[in-house]
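Content type compact mmCIF, C-alpha atoms and all ligand atoms, from the file upload_1.txt:
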```txt
# COMPACT_ATOMS: atom_id res chain seq x y z
CA MET A 1 0.00 0.00 0.00
CA VAL A 2 1.38 3.37 -0.98
CA GLU A 3 0.32 6.21 1.23
CA LYS A 4 0.31 9.46 -0.63
CA TYR A 5 0.47 12.40 1.73
CA VAL A 6 -1.04 15.61 0.49
CA PRO A 7 -1.22 18.81 2.49
CA ARG A 8 -4.39 19.11 4.55
CA GLN A 9 -7.17 21.28 3.20
CA ALA A 10 -7.15 24.78 4.61
CA GLY A 11 -9.96 25.16 7.10
CA GLY A 12 -10.42 28.91 6.72
CA ILE A 13 -10.80 31.15 9.71
CA PHE A 14 -11.28 28.32 12.23
CA ARG A 15 -7.97 26.85 11.28
CA ASP A 16 -6.30 30.26 11.63
CA ILE A 17 -7.82 30.73 15.09
CA LYS A 18 -6.79 27.24 16.09
CA SER A 19 -3.22 27.71 14.94
CA ALA A 20 -3.03 31.13 16.66
CA ALA A 21 -4.30 29.58 19.90
CA LEU A 22 -1.79 26.75 19.61
CA ASP A 23 0.98 29.28 19.01
CA ILE A 24 0.12 31.02 22.27
CA LEU A 25 -0.24 27.83 24.27
CA PHE A 26 2.67 25.95 22.70
CA PRO A 27 5.00 28.42 21.03
CA ARG A 28 7.40 26.76 18.62
CA ARG A 29 10.79 26.00 20.08
CA CYS A 30 14.13 25.90 18.32
CA PRO A 31 15.56 22.44 17.54
CA VAL A 32 19.06 23.66 18.45
CA CYS A 33 18.82 25.92 21.55
CA PHE A 34 15.32 24.76 22.63
CA GLN A 35 14.21 28.39 23.27
CA ILE A 36 11.05 29.93 21.82
CA VAL A 37 11.70 30.77 18.17
CA LEU A 38 11.62 34.37 17.02
CA PRO A 39 10.44 35.69 14.61
CA LYS A 40 7.09 33.98 14.84
CA GLY A 41 6.49 31.51 12.07
CA ALA A 42 10.17 30.55 11.79
CA LEU A 43 11.21 26.95 12.50
CA ILE A 44 14.64 27.80 13.96
CA CYS A 45 16.44 30.89 15.35
CA PRO A 46 18.44 32.70 12.65
CA ASP A 47 21.57 32.38 14.81
CA CYS A 48 21.13 28.68 15.39
CA ILE A 49 21.05 27.94 11.64
CA ARG A 50 24.71 28.99 11.56
CA LYS A 51 25.61 26.83 14.54
CA LEU A 52 24.76 23.62 12.70
CA SER A 53 27.61 21.95 10.85
CA TRP A 54 26.10 21.78 7.36
CA VAL A 55 27.66 19.19 5.05
CA ARG A 56 29.92 20.90 2.53
CA ARG A 57 31.51 19.64 -0.66
CA PRO A 58 33.60 17.76 -1.53
CA THR A 59 31.65 14.71 -0.40
CA CYS A 60 31.93 10.95 -0.83
CA LYS A 61 30.23 9.89 -4.08
CA LYS A 62 28.56 7.01 -2.30
CA CYS A 63 27.40 8.11 1.16
CA GLY A 64 27.58 11.91 0.96
CA LYS A 65 29.99 12.25 3.89
CA GLU A 66 32.47 15.14 3.70
CA VAL A 67 35.90 14.19 2.35
CA ILE A 68 39.02 16.32 2.64
CA ALA A 69 39.86 16.82 -1.05
CA ASP A 70 38.19 16.91 -4.48
CA THR A 71 40.48 14.14 -5.62
CA ILE A 72 39.01 11.69 -3.09
CA GLU A 73 36.07 9.84 -4.57
CA TYR A 74 35.03 7.73 -1.62
CA CYS A 75 35.31 8.07 2.14
CA PHE A 76 37.27 5.47 4.11
CA ASP A 77 34.21 3.36 4.99
CA CYS A 78 32.85 3.32 1.44
CA SER A 79 36.21 2.49 -0.09
CA LYS A 80 36.62 -0.62 2.05
CA GLY A 81 33.07 -1.92 2.42
CA ARG A 82 30.80 -3.28 -0.27
CA ARG A 83 27.81 -1.02 -0.83
CA THR A 84 24.75 -2.25 -2.66
CA PHE A 85 22.82 1.01 -2.36
CA GLU A 86 23.28 3.53 -5.19
CA TRP A 87 24.21 6.68 -3.28
CA GLY A 88 22.84 8.96 -0.63
CA ALA A 89 22.60 12.52 0.56
CA ALA A 90 23.13 13.95 4.05
CA LEU A 91 22.36 17.40 5.43
CA ILE A 92 24.32 18.02 8.63
CA ASN A 93 27.49 16.63 10.20
CA TYR A 94 26.68 14.85 13.43
CA ASP A 95 28.24 16.65 16.40
CA GLU A 96 27.35 17.29 20.04
CA ARG A 97 24.78 19.93 19.15
CA ALA A 98 23.15 17.61 16.62
CA GLY A 99 23.17 14.84 19.22
CA ARG A 100 21.29 16.99 21.72
CA SER A 101 18.71 17.94 19.10
CA MET A 102 18.19 14.33 18.10
CA ALA A 103 17.91 13.19 21.74
CA ALA A 104 15.19 15.80 22.33
CA ILE A 105 13.27 14.47 19.31
CA LYS A 106 13.57 10.85 20.35
CA TYR A 107 13.38 10.95 24.11
CA LYS A 108 11.52 14.17 24.89
CA ASN A 109 8.89 13.73 22.21
CA LYS A 110 9.91 16.90 20.34
CA ARG A 111 8.74 15.60 17.01
CA GLU A 112 7.93 19.12 15.82
CA TYR A 113 11.69 19.70 15.43
CA LEU A 114 11.46 17.38 12.45
CA ASP A 115 9.47 20.10 10.63
CA PHE A 116 12.65 22.15 10.45
CA TYR A 117 14.80 19.21 9.37
CA SER A 118 12.41 17.95 6.67
CA GLU A 119 12.02 21.47 5.30
CA ALA A 120 15.81 21.96 5.27
CA MET A 121 16.33 18.58 3.59
CA CYS A 122 13.93 19.54 0.80
CA ARG A 123 15.45 22.99 0.39
CA LYS A 124 19.07 21.85 0.34
CA LEU A 125 18.86 18.28 -0.98
CA GLY A 126 15.57 18.43 -2.92
CA LYS A 127 17.17 18.54 -6.38
CA ARG A 128 19.33 15.52 -5.60
CA LEU A 129 16.41 13.62 -4.13
CA LEU A 130 14.27 14.29 -7.20
CA SER A 131 17.15 13.23 -9.49
CA MET A 132 16.95 9.76 -7.88
CA LYS A 133 13.60 9.37 -9.69
CA ALA A 134 12.25 7.29 -6.84
CA ASP A 135 8.83 5.67 -6.83
CA ALA A 136 8.60 5.83 -3.05
CA LEU A 137 10.19 7.13 0.13
CA VAL A 138 10.71 4.30 2.60
CA PRO A 139 11.37 5.27 6.25
CA VAL A 140 13.73 2.95 8.12
CA PRO A 141 11.34 1.18 10.50
CA VAL A 142 11.74 0.87 14.25
CA HIS A 143 10.60 -2.15 16.21
CA SER A 144 6.94 -2.02 17.27
CA SER A 145 7.84 -2.00 20.98
CA ARG A 146 10.01 1.08 20.47
CA MET A 147 7.26 2.66 18.39
CA ARG A 148 4.82 2.09 21.25
CA ALA A 149 7.19 3.52 23.84
CA ARG A 150 8.08 6.59 21.80
CA GLY A 151 4.75 7.07 20.07
CA PHE A 152 6.28 7.74 16.68
CA ASN A 153 9.08 6.75 14.35
CA GLN A 154 11.27 9.77 13.66
CA ALA A 155 12.25 8.41 10.22
CA GLN A 156 8.59 8.12 9.26
CA GLU A 157 7.76 11.64 10.48
CA LEU A 158 10.67 12.90 8.41
CA ALA A 159 9.65 10.91 5.31
CA CYS A 160 6.10 12.21 5.67
CA GLY A 161 7.29 15.84 5.65
CA ILE A 162 9.55 15.24 2.64
CA SER A 163 6.77 13.39 0.84
CA GLN A 164 4.40 16.34 1.24
CA LYS A 165 6.94 18.83 0.00
CA LEU A 166 8.48 16.89 -2.91
CA GLY A 167 5.40 14.95 -3.98
CA ILE A 168 7.07 11.53 -3.73
CA PRO A 169 4.71 8.98 -2.12
CA MET A 170 5.74 7.42 1.18
CA ASP A 171 5.49 3.66 1.64
CA THR A 172 5.52 2.15 5.10
CA SER A 173 4.49 -1.38 4.17
CA ILE A 174 7.31 -2.83 2.06
CA LEU A 175 9.95 -2.70 4.80
CA LYS A 176 9.31 -3.89 8.35
CA ARG A 177 11.37 -4.37 11.45
CA SER A 178 10.85 -7.94 12.44
CA ARG A 179 12.85 -8.05 15.63
CA LYS A 180 14.95 -5.95 17.93
CA THR A 181 18.63 -5.85 17.18
CA VAL A 182 20.93 -7.29 19.81
CA PRO A 183 23.67 -4.92 21.00
CA GLN A 184 26.16 -4.52 18.18
CA LYS A 185 29.16 -3.12 20.00
CA ASN A 186 31.24 -6.27 20.10
CA LEU A 187 30.51 -7.41 16.58
CA ASP A 188 32.82 -6.97 13.62
CA PRO A 189 31.34 -5.16 10.58
CA ALA A 190 30.33 -8.38 8.77
CA ALA A 191 28.58 -9.84 11.82
CA ARG A 192 26.94 -6.50 12.49
CA LEU A 193 25.53 -6.39 8.99
CA LYS A 194 24.26 -9.97 9.20
CA ASN A 195 22.64 -9.23 12.55
CA LEU A 196 20.93 -6.15 11.13
CA GLU A 197 19.79 -7.86 7.94
CA GLN A 198 17.91 -10.36 10.05
CA ALA A 199 16.12 -7.54 11.84
CA PHE A 200 14.31 -6.38 8.69
CA THR A 201 11.85 -8.07 6.36
CA ALA A 202 10.58 -6.80 3.04
CA GLY A 203 7.74 -7.43 0.72
CA PRO A 204 5.56 -7.87 -1.10
CA VAL A 205 6.84 -5.05 -3.29
CA PRO A 206 4.24 -3.76 -5.77
CA PRO A 207 5.54 -3.86 -9.38
CA HIS A 208 5.43 -0.08 -9.78
CA ILE A 209 7.98 0.36 -6.97
CA ARG A 210 11.38 -0.09 -8.60
CA ARG A 211 13.42 2.70 -7.09
CA VAL A 212 13.19 3.85 -3.49
CA ILE A 213 14.82 6.36 -1.18
CA LEU A 214 15.41 5.11 2.34
CA ILE A 215 14.86 7.88 4.88
CA ASP A 216 16.53 7.86 8.29
CA ASP A 217 17.61 10.36 10.92
CA ILE A 218 21.29 9.42 11.01
CA TYR A 219 23.91 7.53 9.02
CA THR A 220 27.08 6.41 10.80
CA THR A 221 28.76 3.24 9.55
CA GLY A 222 26.11 2.72 6.89
CA SER A 223 25.27 -0.76 8.17
CA THR A 224 21.55 0.00 8.73
CA ILE A 225 21.11 1.50 5.25
CA GLU A 226 23.10 -1.38 3.73
CA ALA A 227 21.05 -4.01 5.56
CA CYS A 228 17.75 -2.39 4.48
CA THR A 229 19.06 -2.16 0.91
CA ARG A 230 19.91 -5.85 0.77
CA VAL A 231 16.52 -6.84 2.14
CA LEU A 232 14.66 -4.55 -0.29
CA ARG A 233 16.70 -5.69 -3.27
CA SER A 234 16.11 -9.33 -2.50
CA ALA A 235 12.37 -8.51 -2.49
CA GLY A 236 12.62 -7.06 -5.99
CA VAL A 237 13.44 -3.35 -5.59
CA GLU A 238 15.95 -2.41 -8.30
CA LYS A 239 17.67 0.66 -6.93
CA VAL A 240 17.95 1.93 -3.39
CA TYR A 241 19.09 5.45 -2.50
CA PHE A 242 19.05 7.14 0.87
CA ALA A 243 18.67 10.53 2.54
CA VAL A 244 19.41 11.40 6.17
CA ILE A 245 19.51 14.47 8.37
CA PHE A 246 22.78 13.68 10.11
CA ILE A 247 25.92 11.92 9.00
CA GLY A 248 28.61 10.91 11.46
CA ASN A 249 31.85 9.05 11.56
CA GLY A 250 31.71 5.29 11.82
CA GLN A 251 32.09 3.88 15.31
ZN ZN A 301 17.86 28.50 18.64
ZN ZN A 302 31.20 7.24 1.90
```
Will you turn the file into structure tokens for me?
Ligand SMILES: [Zn+2]
Ligand SMILES: [Zn+2]
Amino acid sequence: MVEKYVPRQAGGIFRDIKSAALDILFPRRCPVCFQIVLPKGALICPDCIRKLSWVRRPTCKKCGKEVIADTIEYCFDCSKGRRTFEWGAALINYDERAGRSMAAIKYKNKREYLDFYSEAMCRKLGKRLLSMKADALVPVPVHSSRMRARGFNQAQELACGISQKLGIPMDTSILKRSRKTVPQKNLDPAARLKNLEQAFTAGPVPPHIRRVILIDDIYTTGSTIEACTRVLRSAGVEKVYFAVIFIGNGQ
């Protein structure tokens, strides 16, 4: 089932009153400093935009991570590991500030911060995402117990926002999390990948879905995106791309 998200119908004056009342009761807070955002209507403080470490070129041709020189095609991780996804795009380098913002989203239920991130992803990465010519956006699923505890899946909230803005349908049925992953710390990369692959199941994939963009909040070693790619490809998806808010160094 493909869920196509379209912006909600405007509800005229009642909607305006409702949103004004909500603004007074719950003023929007900044995803970086957590203070009330000024000017009204903005999604982030103007100063805080500059505090984020935006990904700059040159970047790895595979994962979109910053590399130190134009002459370097692939980052260290991509040059040594086999990648079956096509390529991906990332918005912000993961640092302490990014970590605090993400923790607030995940553990303090600040899902509205994702409005800023999905808008920024479309503004800065939109062209690249559209060039992937994807049939669907597929959020990386979380296990149902985590979904119940948190109340939402941040990757799905993000995919939903991007879907609305870029007009690419979101699909939440072709990729599922079948079980919780066991702690990965002591596993080598190959064992980690195997462990992760077993955590996801895919299918059935409708015939019109040939190319997909996996959406997640963060990319570190790439093992989650790689595991999802392998599972989707074995279920018949031809090309898998990805887009994330944050990209960090492998652990
Ligand atoms: Zn701020
Ligand atoms: Zn790379």
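Considering the residues A:Ile174, A:Cys63, A:Ala155, A:Met132 and counting only C-alpha atoms, Lys106 (chain A) has its shortest atom-to-atom contact with A:Ala155.
The residue set within 7 Å of Lys61 (chain A), counting all atoms listed in the file and dropping same-chain residues fewer than 3 places from it, reads Gly64, Glu73, Tyr74 and Trp87 of chain A.
Environment of ligand ZN 301 (chain A), defined as every protein or nucleic acid residue with an atom within 9 Å of it and counting only C-alpha atoms and all ligand atoms, comprises A:Arg29, A:Cys30, A:Pro31, A:Val32, A:Cys33, A:Phe34, A:Gln35, A:Ile36, A:Val37, A:Leu38, A:Ile44, A:Cys45, A:Pro46, A:Asp47, A:Cys48, A:Ile49, A:Lys51.
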If we count only C-alpha atoms, what is near Glu66 (chain A) at a cut-off of 7 Å, once residues fewer than 6 positions away on the same chain are taken out, given as a list in words? Val55, Arg56, Arg57, Pro58, Thr59 and Cys60 of chain A
Just want the 6 Å neighbourhood of region 237-240 of chain A, counted on all atoms listed in the file, with same-chain residues fewer than 5 positions away dropped. Output as a PyMOL selection string. chain A and resi 85-86+210-213+232
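Atom pair CA of Arg179 (chain A) / CA of Pro207 (chain A): separated by 26.4 Å.
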Counting all atoms listed in the file, what is within 8 Å of Val138 (chain A), bar same-chain residues fewer than 3 positions away, as a PyMOL selection string? chain A and resi 156+159+170-172+174-175+212-215
Got a sec to check which residues sit within 12 Å of (21.4, 8.8, 10.8), counting only C-alpha atoms, and write them as a JSON list (two decimals) with C-alpha atoms, in the frame of the given file?
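Saved as result.json:
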```json
[["chain", "number", "residue", "atom", "x", "y", "z"],
["A", 63, "CYS", "CA", 27.40, 8.11, 1.16],
["A", 65, "LYS", "CA", 29.99, 12.25, 3.89],
["A", 88, "GLY", "CA", 22.84, 8.96, -0.63],
["A", 89, "ALA", "CA", 22.60, 12.52, 0.56],
["A", 90, "ALA", "CA", 23.13, 13.95, 4.05],
["A", 91, "LEU", "CA", 22.36, 17.40, 5.43],
["A", 92, "ILE", "CA", 24.32, 18.02, 8.63],
["A", 93, "ASN", "CA", 27.49, 16.63, 10.20],
["A", 94, "TYR", "CA", 26.68, 14.85, 13.43],
["A", 95, "ASP", "CA", 28.24, 16.65, 16.40],
["A", 98, "ALA", "CA", 23.15, 17.61, 16.62],
["A", 99, "GLY", "CA", 23.17, 14.84, 19.22],
["A", 102, "MET", "CA", 18.19, 14.33, 18.10],
["A", 139, "PRO", "CA", 11.37, 5.27, 6.25],
["A", 140, "VAL", "CA", 13.73, 2.95, 8.12],
["A", 154, "GLN", "CA", 11.27, 9.77, 13.66],
["A", 155, "ALA", "CA", 12.25, 8.41, 10.22],
["A", 158, "LEU", "CA", 10.67, 12.90, 8.41],
["A", 214, "LEU", "CA", 15.41, 5.11, 2.34],
["A", 215, "ILE", "CA", 14.86, 7.88, 4.88],
["A", 216, "ASP", "CA", 16.53, 7.86, 8.29],
["A", 217, "ASP", "CA", 17.61, 10.36, 10.92],
["A", 218, "ILE", "CA", 21.29, 9.42, 11.01],
["A", 219, "TYR", "CA", 23.91, 7.53, 9.02],
["A", 220, "THR", "CA", 27.08, 6.41, 10.80],
["A", 221, "THR", "CA", 28.76, 3.24, 9.55],
["A", 222, "GLY", "CA", 26.11, 2.72, 6.89],
["A", 223, "SER", "CA", 25.27, -0.76, 8.17],
["A", 224, "THR", "CA", 21.55, 0.00, 8.73],
["A", 225, "ILE", "CA", 21.11, 1.50, 5.25],
["A", 242, "PHE", "CA", 19.05, 7.14, 0.87],
["A", 243, "ALA", "CA", 18.67, 10.53, 2.54],
["A", 244, "VAL", "CA", 19.41, 11.40, 6.17],
["A", 245, "ILE", "CA", 19.51, 14.47, 8.37],
["A", 246, "PHE", "CA", 22.78, 13.68, 10.11],
["A", 247, "ILE", "CA", 25.92, 11.92, 9.00],
["A", 248, "GLY", "CA", 28.61, 10.91, 11.46],
["A", 249, "ASN", "CA", 31.85, 9.05, 11.56],
["A", 250, "GLY", "CA", 31.71, 5.29, 11.82]]
```
Produce the centre coordinates and the three edge lengths, each in Å to one decimal, of the box along x, y and z that contains all listed atoms of region 97-101 of chain A with 6 Å added on each side, as JSON.
```
{"center_x": 21.7, "center_y": 17.4, "center_z": 19.2, "size_x": 18.1, "size_y": 17.1, "size_z": 17.1}
```
